[in-house]
Each structure stands twice: as C-alpha cells, then as structure tokens.
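Undergrad: Let me begin by handing over the structure; questions about it come next.
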Amino acid sequence: MAKDVEVTERGSFSGKDYHDPPPAPLIDAEELTKWSFYRALIAEFIATLLFLYITVLTVIGYKHQSDVKANGDICGGVGILGIAWAFGGMIFILVYCTAGISGGHINPAVTFGLFLARKVSLIRAIMYMVAQCLGAICGVGLVKAFQKSYYNKYGGGANSLADGYSTGTGLGAEIIGTFVLVYTVFSATDPKRNARDSHVPVLAPLPIGFAVFMVHLATIPVTGTGINPARSLGAAVIYNKDKPWDDHWIFWVGPFIGAAIAAFYHQFILRAGAAKALGSFRSNPHV
C-alpha cells in the first residue's frame with residue numbers, strides 16, 4: 001500500500017507536513033540593495049572563469065599531445081574520457097564551493113530553468129547570466145594568454161557542429177544533454193528531498209558533476225558538448241572564427257529549450273505542480 005509517508009527509527013515524516021517554499025518574485029528590486037546579491041554575482045563570475053580556464057586548457061593540451069604532426073602520440077593525452085572528467089569534475093568542485101553563496105549555477109541554462117520554476121527572480125537570473133558570460137570570456141582569455149600558439153592552432157576549445165552531422169542532430173544533442181543536466185539539478189536540489197533526507201544537500205554536487213561528465217561522453221563527437229551557453233560564448237568570443245559563430249545559435253537555443261523542458265517536467269509532472277494548481281483553482285470558485 002503506497003502512501004506518501006516514510007517511517008524511520010527516530011520518528012516519522014509525512015509529505016502532507018511539507019510545504020514548498022514560496023516562489024521567488026518575478027522582479028525583486030530589493031535584491032539590488034543587498035551585499036549578498038553582489039557576492040553571489042562575484043561567485044558566479046569567478047566560478048565560471050575557473051571552469052572555462054581548466055576545461056579549455058585541458059582540451060588544448062589534449063589536442064597538442066595527440067597531434068602526430070607535432071611529434072605527439074595519437075593515443076597521448078587524457079583523451080575524450082579525460083576531457084569529460086575535466087568538465088564534470090570542475091562542475092562538482094565549483095558547485096560544492098559556491099552552492100551556499102550563489103546556488104552554484106555556473107550556467108545560463110541552469111539559471112534559466114530555475115527562473116522558469118520561480119526559484120530565482122528575473123533580476124537575479126539576468127545578472128547571473130551576465131556574470132557567467134563575462135567569467136567565461138575571461139577564463140578563455142586566460143587560456144589564450146598562457147597558450148597563445150597552441151590556442152589558435154587547436155581550435156580554442158570552441159563549440160561547433162562536427163562534420164557529418166546535421167543541424168537538427170546537433171540541436172537535438174544540445175536539447176537532450178541540457179535536459180539531463182537541468183533535470184539532475186532539480187532532482188538534486190529538490191527542497192522536499194532535502195527536508196526528508198539530510199544527506200541530500202551535501203551530495204548534490206556529485207550527481208550534477210556526473211551528469212555533466214556523462215553528457216560530455218555522449219556529445220563531444222557531435223558538438224563538442226555545449227549544454228552551457230556561457231561556455232560556448234566565451235570560447236567563440238576569444239577564438240573568433242567563422243565556424244563557431246555560424247553554429248553558435250545552436251548552443252543557446254538548444255540548452256534553453258532543454259532547460260525549459262526539464263523545468264516543466266520536474267515541476268509540473270514529477271512534483272504534480274499542474275495538478276496542485278488545478279486543485280487550488282477548483283477549490284476556490286471565486287477565482
């Protein structure tokens with residue numbers, strides 16, 4: 001017999017006793033007067049800078065070490081597996097470090113999904129995206145400053161559609177990949193789970209990092225794996241070649257669609273938000 005009640009040795013927890021936190025206001029001008037808001041922006045900027053610096057440097061290093069024309073070993077370097085670990089590992093580290101300050105978004109698509117779910121205000125969402133994009137540009141700029149000769153030679157870590165794949169395939173890969181990431185973010189940070197299981201908040205960075213790792217394994221051969229518009233923008237701005245700019249729209253449209261689907265799926269299907277809203281409407285005939 002299935003009931004939304006779990007009994008533990010120390011007591012009981014009932015889903016009926018839990019109430020979701022109130023939704024964030026659409027526009028919260030008061031945030032602009034708080035130091036915590038600007039501290040969060042700084043955290044997002046620095047986290048995205050470090051994310052792009054480490055990951056793009058890993059990509060450039062791998063391409064140099066495996067370049068047989070430069071006396072490299074075709075099996076040298078970290079390989080695609082190592083690149084995926086770099087992206088997933090850095091997200092794990094940075095989300096762990098910044099979750100208590102800014103929420104550890106480090107990705108405009110994640111911020112967009114949380115905004116649609118009313119977890120953050122419009123002002124915070126926009127400012128987070130600006131901070132993330134600026135951080136990404138600065139992070140890739142550091143890579144180019146330290147590895148200028150290799151940076152231009154090996155593609156600058158820029159995202160573009162691989163030869164042999166259609167635009168639809170690339171767009172689909174970005175949509176599905178971002179859905180996996182943002183769905184994981186919602187599940188790992190679900191306040192209802194956090195209230196029930198005290199270990200969930202501590203472990204949240206781990207599944208988020210693993211989601212990034214797994215998506216990279218699947219989509220590096222297709223698009224180089226974006227799933228983060230700031231990551232794609234930072235590399236495109238600094239590398240500044242035609243091919244990444246021609247395909248750049250894929251790395252904004254795809255992730256934003258994927259994030260929107262994940263937000264809808266988690267909030268209105270899994271959390272039954274649509275049913276709750278309908279029930280509230282029916283119980284109040286004067287609305």
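Ordering of the structure tokens sets the chain letters (A, B, ...); residue numbers start at 1 within each chain; ligands are numbered from 1 in the order shown.
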Excluding same-chain residues fewer than 4 positions from Gly79 of chain A, what lies within 8 Å of it counting only C-alpha atoms, as an NGL selection string?
TA: :A and (62 or 75 or 83)
Undergrad: Could you write those residues out with C-alpha atoms, as a PDB file, in the first residue's frame?
TA:
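Result file is again.pdb:
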ATOM      1  CA  TYR A  62      44.945  17.006 -25.235  1.00  0.00           C
ATOM      2  CA  CYS A  75      46.988   7.855 -28.045  1.00  0.00           C
ATOM      3  CA  ILE A  83      38.074  15.842 -21.157  1.00  0.00           C
TER       4      ILE A  83
END
Undergrad: Skipping near chain neighbours, those fewer than 3 positions away, what residues fall within 8 Å of Gly177 of chain A using only C-alpha atoms, listed as a list of chain:residue names?
TA: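 After dropping sequence-adjacent residues, the list is A:Ala173, A:Glu174, A:Val180, A:Leu181, A:Val215, A:Thr219, A:Ile227, A:Pro255, A:Gly258.
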Undergrad: With all heavy atoms kept, could you save the residues just selected as a compact mmCIF listing (two decimals), in the first residue's frame?
TA:
# COMPACT_ATOMS: atom_id res chain seq x y z
N ALA A 173 21.04 17.10 -29.80
CA ALA A 173 22.03 16.68 -28.81
C ALA A 173 22.14 17.71 -27.68
O ALA A 173 22.26 17.34 -26.50
CB ALA A 173 23.39 16.50 -29.48
N GLU A 174 22.08 18.99 -28.03
CA GLU A 174 22.17 20.04 -27.01
C GLU A 174 20.90 20.09 -26.16
O GLU A 174 20.98 20.30 -24.94
CB GLU A 174 22.41 21.39 -27.68
CG GLU A 174 23.80 21.55 -28.27
CD GLU A 174 24.88 21.48 -27.22
OE1 GLU A 174 24.78 22.22 -26.21
OE2 GLU A 174 25.81 20.68 -27.37
N VAL A 180 19.19 16.56 -19.43
CA VAL A 180 19.77 15.66 -18.43
C VAL A 180 20.40 16.46 -17.29
O VAL A 180 20.19 16.16 -16.11
CB VAL A 180 20.82 14.74 -19.09
CG1 VAL A 180 21.59 13.95 -18.02
CG2 VAL A 180 20.18 13.79 -20.08
N LEU A 181 21.15 17.50 -17.65
CA LEU A 181 21.82 18.31 -16.64
C LEU A 181 20.81 19.04 -15.74
O LEU A 181 20.88 18.96 -14.51
CB LEU A 181 22.75 19.32 -17.30
CG LEU A 181 23.34 20.41 -16.38
CD1 LEU A 181 24.14 19.79 -15.25
CD2 LEU A 181 24.18 21.38 -17.19
N VAL A 215 27.07 13.44 -20.13
CA VAL A 215 26.63 14.12 -21.34
C VAL A 215 27.82 14.42 -22.25
O VAL A 215 27.72 14.29 -23.48
CB VAL A 215 25.88 15.42 -20.98
CG1 VAL A 215 25.61 16.25 -22.23
CG2 VAL A 215 24.57 15.09 -20.29
N THR A 219 28.19 13.48 -26.26
CA THR A 219 28.01 14.52 -27.28
C THR A 219 29.28 15.24 -27.72
O THR A 219 29.22 16.08 -28.61
CB THR A 219 26.98 15.57 -26.79
OG1 THR A 219 27.45 16.15 -25.57
CG2 THR A 219 25.62 14.94 -26.57
N ILE A 227 25.91 22.57 -23.84
CA ILE A 227 24.98 22.48 -22.69
C ILE A 227 25.19 23.62 -21.69
O ILE A 227 24.66 23.57 -20.57
CB ILE A 227 25.01 21.11 -21.97
CG1 ILE A 227 26.32 20.86 -21.24
CG2 ILE A 227 24.71 19.99 -22.95
CD1 ILE A 227 26.30 19.61 -20.34
N PRO A 255 20.28 24.52 -25.40
CA PRO A 255 20.27 24.48 -23.93
C PRO A 255 19.05 25.14 -23.29
O PRO A 255 18.53 24.64 -22.29
CB PRO A 255 21.56 25.21 -23.56
CG PRO A 255 22.47 24.97 -24.71
CD PRO A 255 21.57 25.00 -25.91
N GLY A 258 16.13 22.74 -23.72
CA GLY A 258 16.32 21.61 -22.81
C GLY A 258 16.05 21.98 -21.36
O GLY A 258 15.42 21.21 -20.62
Undergrad: For Ala131 of chain A, which residue out of A:Ile106, A:Leu26, A:Leu206, A:Met214 is the nearest one, using only C-alpha atoms?
TA: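 Distance minimum relative to Ala131 of chain A lands on A:Ile106.
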Undergrad: Just the residues within 9 Å of Leu50 of chain A, please, counting only C-alpha atoms, with nothing from its chain fewer than 5 positions along; format it as a PyMOL selection string.
TA: chain A and resi 45+55+90+94+135-136+139
Undergrad: Would you mind writing down, as a ChimeraX atom specification, each residue of segment 64-194 of chain A that DSSP on the backbone assigns to helix (DSSP H, G or I)?
TA: /A:64-65,68-70,79-98,108-116,122-146,148-153,155-157,167-188,191-194
Undergrad: Write out as a list in words each polymer residue whose atoms come within 9 Å of Val253 of chain A, counting only C-alpha atoms; drop sequence neighbours fewer than 2 positions from it.
TA: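 Near neighbours after the sequence-gap exclusion: Leu171, Glu174, Ile175, Pro229, Trp249, Ile250, Phe251, Pro255, Phe256, Ile257 and Gly258 of chain A.
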Undergrad: For segment 32-36 of chain A, list every protein, DNA or RNA residue within 9 Å, evaluated using only C-alpha atoms, and leave out those in the same chain fewer than 3 positions away; present the list as a VMD selection string.
TA: chain A and resid 28 to 29 39 to 41 101 to 102 123 to 124
Undergrad: Would you pick out the contacts of His216 of chain A at 8 Å or less, using only C-alpha atoms, so that residues sharing its chain but fewer than 4 positions from it are not included, and give the list as a compact mmCIF listing (two decimals) with N, CA and C atoms, in the first residue's frame?
TA:
# COMPACT_ATOMS: atom_id res chain seq x y z
N ALA A 84 35.98 14.76 -20.60
CA ALA A 84 34.68 14.67 -19.92
C ALA A 84 34.84 14.75 -18.41
N PHE A 87 35.45 18.44 -17.33
CA PHE A 87 34.22 19.24 -17.27
C PHE A 87 33.35 18.81 -16.07
N VAL A 212 27.11 16.11 -16.01
CA VAL A 212 27.95 16.82 -16.99
C VAL A 212 28.94 15.85 -17.62
N ILE A 220 30.42 14.94 -27.12
CA ILE A 220 31.67 15.55 -27.62
C ILE A 220 31.87 15.27 -29.11
N GLY A 224 30.97 18.89 -29.62
CA GLY A 224 31.99 19.29 -28.67
C GLY A 224 31.41 19.48 -27.30
N THR A 225 30.09 19.34 -27.19
CA THR A 225 29.30 19.49 -25.96
C THR A 225 29.30 20.92 -25.45
Undergrad: Excluding Ala259 of chain A and residues on its chain fewer than 3 positions from it, collect all residues at most 8 Å away from it, counting only C-alpha atoms, and give them as a PyMOL selection string.
TA: chain A and resi 109-110+112-113+175+178-179+182-183+255-256+262-263
Undergrad: Work out how far atom CA of Ala204 of chain A is from atom CA of Val59 of chain A, in Å to one decimal.
TA: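 Between these atoms lies a distance of 26.3 Å.
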Undergrad: I need the residues of segment 8-233 of chain A that end up classed as strand (DSSP E) by DSSP on the backbone, written out as number ranges by chain.
TA: A: 8, 11-14
Undergrad: Could you save the residues just selected, with all heavy atoms, as a compact mmCIF listing (two decimals), in the first residue's frame?
TA:
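Generated file (again.txt):
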# COMPACT_ATOMS: atom_id res chain seq x y z
N THR A 8 10.85 6.22 9.99
CA THR A 8 12.23 5.89 10.31
C THR A 8 12.31 5.48 11.77
O THR A 8 11.33 5.53 12.52
CB THR A 8 13.13 7.11 10.07
OG1 THR A 8 12.77 8.13 10.99
CG2 THR A 8 12.96 7.64 8.65
N GLY A 11 11.52 8.48 14.10
CA GLY A 11 10.24 9.18 14.04
C GLY A 11 9.60 8.97 12.69
O GLY A 11 9.80 7.96 12.04
N SER A 12 8.82 9.94 12.27
CA SER A 12 8.10 9.80 11.01
C SER A 12 8.15 11.10 10.25
O SER A 12 8.33 12.18 10.81
CB SER A 12 6.65 9.40 11.26
OG SER A 12 6.00 10.43 11.98
N PHE A 13 8.01 10.95 8.95
CA PHE A 13 7.94 12.11 8.07
C PHE A 13 6.75 11.93 7.15
O PHE A 13 6.56 10.87 6.57
CB PHE A 13 9.21 12.24 7.22
CG PHE A 13 9.10 13.28 6.15
CD1 PHE A 13 9.35 14.61 6.43
CD2 PHE A 13 8.70 12.94 4.85
CE1 PHE A 13 9.24 15.58 5.46
CE2 PHE A 13 8.58 13.90 3.89
CZ PHE A 13 8.86 15.23 4.19
N SER A 14 5.95 12.93 7.03
CA SER A 14 4.78 12.86 6.17
C SER A 14 4.88 13.93 5.10
O SER A 14 5.19 15.09 5.40
CB SER A 14 3.50 13.08 6.98
OG SER A 14 2.40 13.19 6.09
Undergrad: Using only C-alpha atoms for the distances, tell me which of A:Ala260, A:Ala86, A:Val68, A:Leu52 is nearest to Cys138 of chain A.
TA: A:Leu52
Undergrad: For the atom pair atom CA of Ala235 of chain A and atom CA of Asn152 of chain A, what is the interatomic distance in Å to one decimal place?
TA: 11.2 Å
Undergrad: Please determine, counting only C-alpha atoms, which residue among A:Ile46, A:Ala117, A:Leu161, A:Ile60 has the shortest atom-to-atom distance to Val143 of chain A.
TA: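 Checking each of A:Ile46, A:Ala117, A:Leu161, A:Ile60 against Val143 of chain A, counting only C-alpha atoms, the winner is A:Ile60.
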Undergrad: Using only C-alpha atoms, can you tell me which of A:Ala218, A:Met129, A:Ala162, A:Ile54 comes closest to Phe115 of chain A?
TA: A:Met129
Undergrad: A:Thr98, A:Ser121, A:Asn159, A:Thr48: which is nearest Asn240 of chain A, counting only C-alpha atoms?
TA: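 Smallest distance to Asn240 of chain A is found for A:Asn159.
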Undergrad: Please report the interatomic distance between atom CA of Thr167 of chain A and atom CA of Asp247 of chain A in Å with one decimal.
TA: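 It comes out at 8.4 Å.
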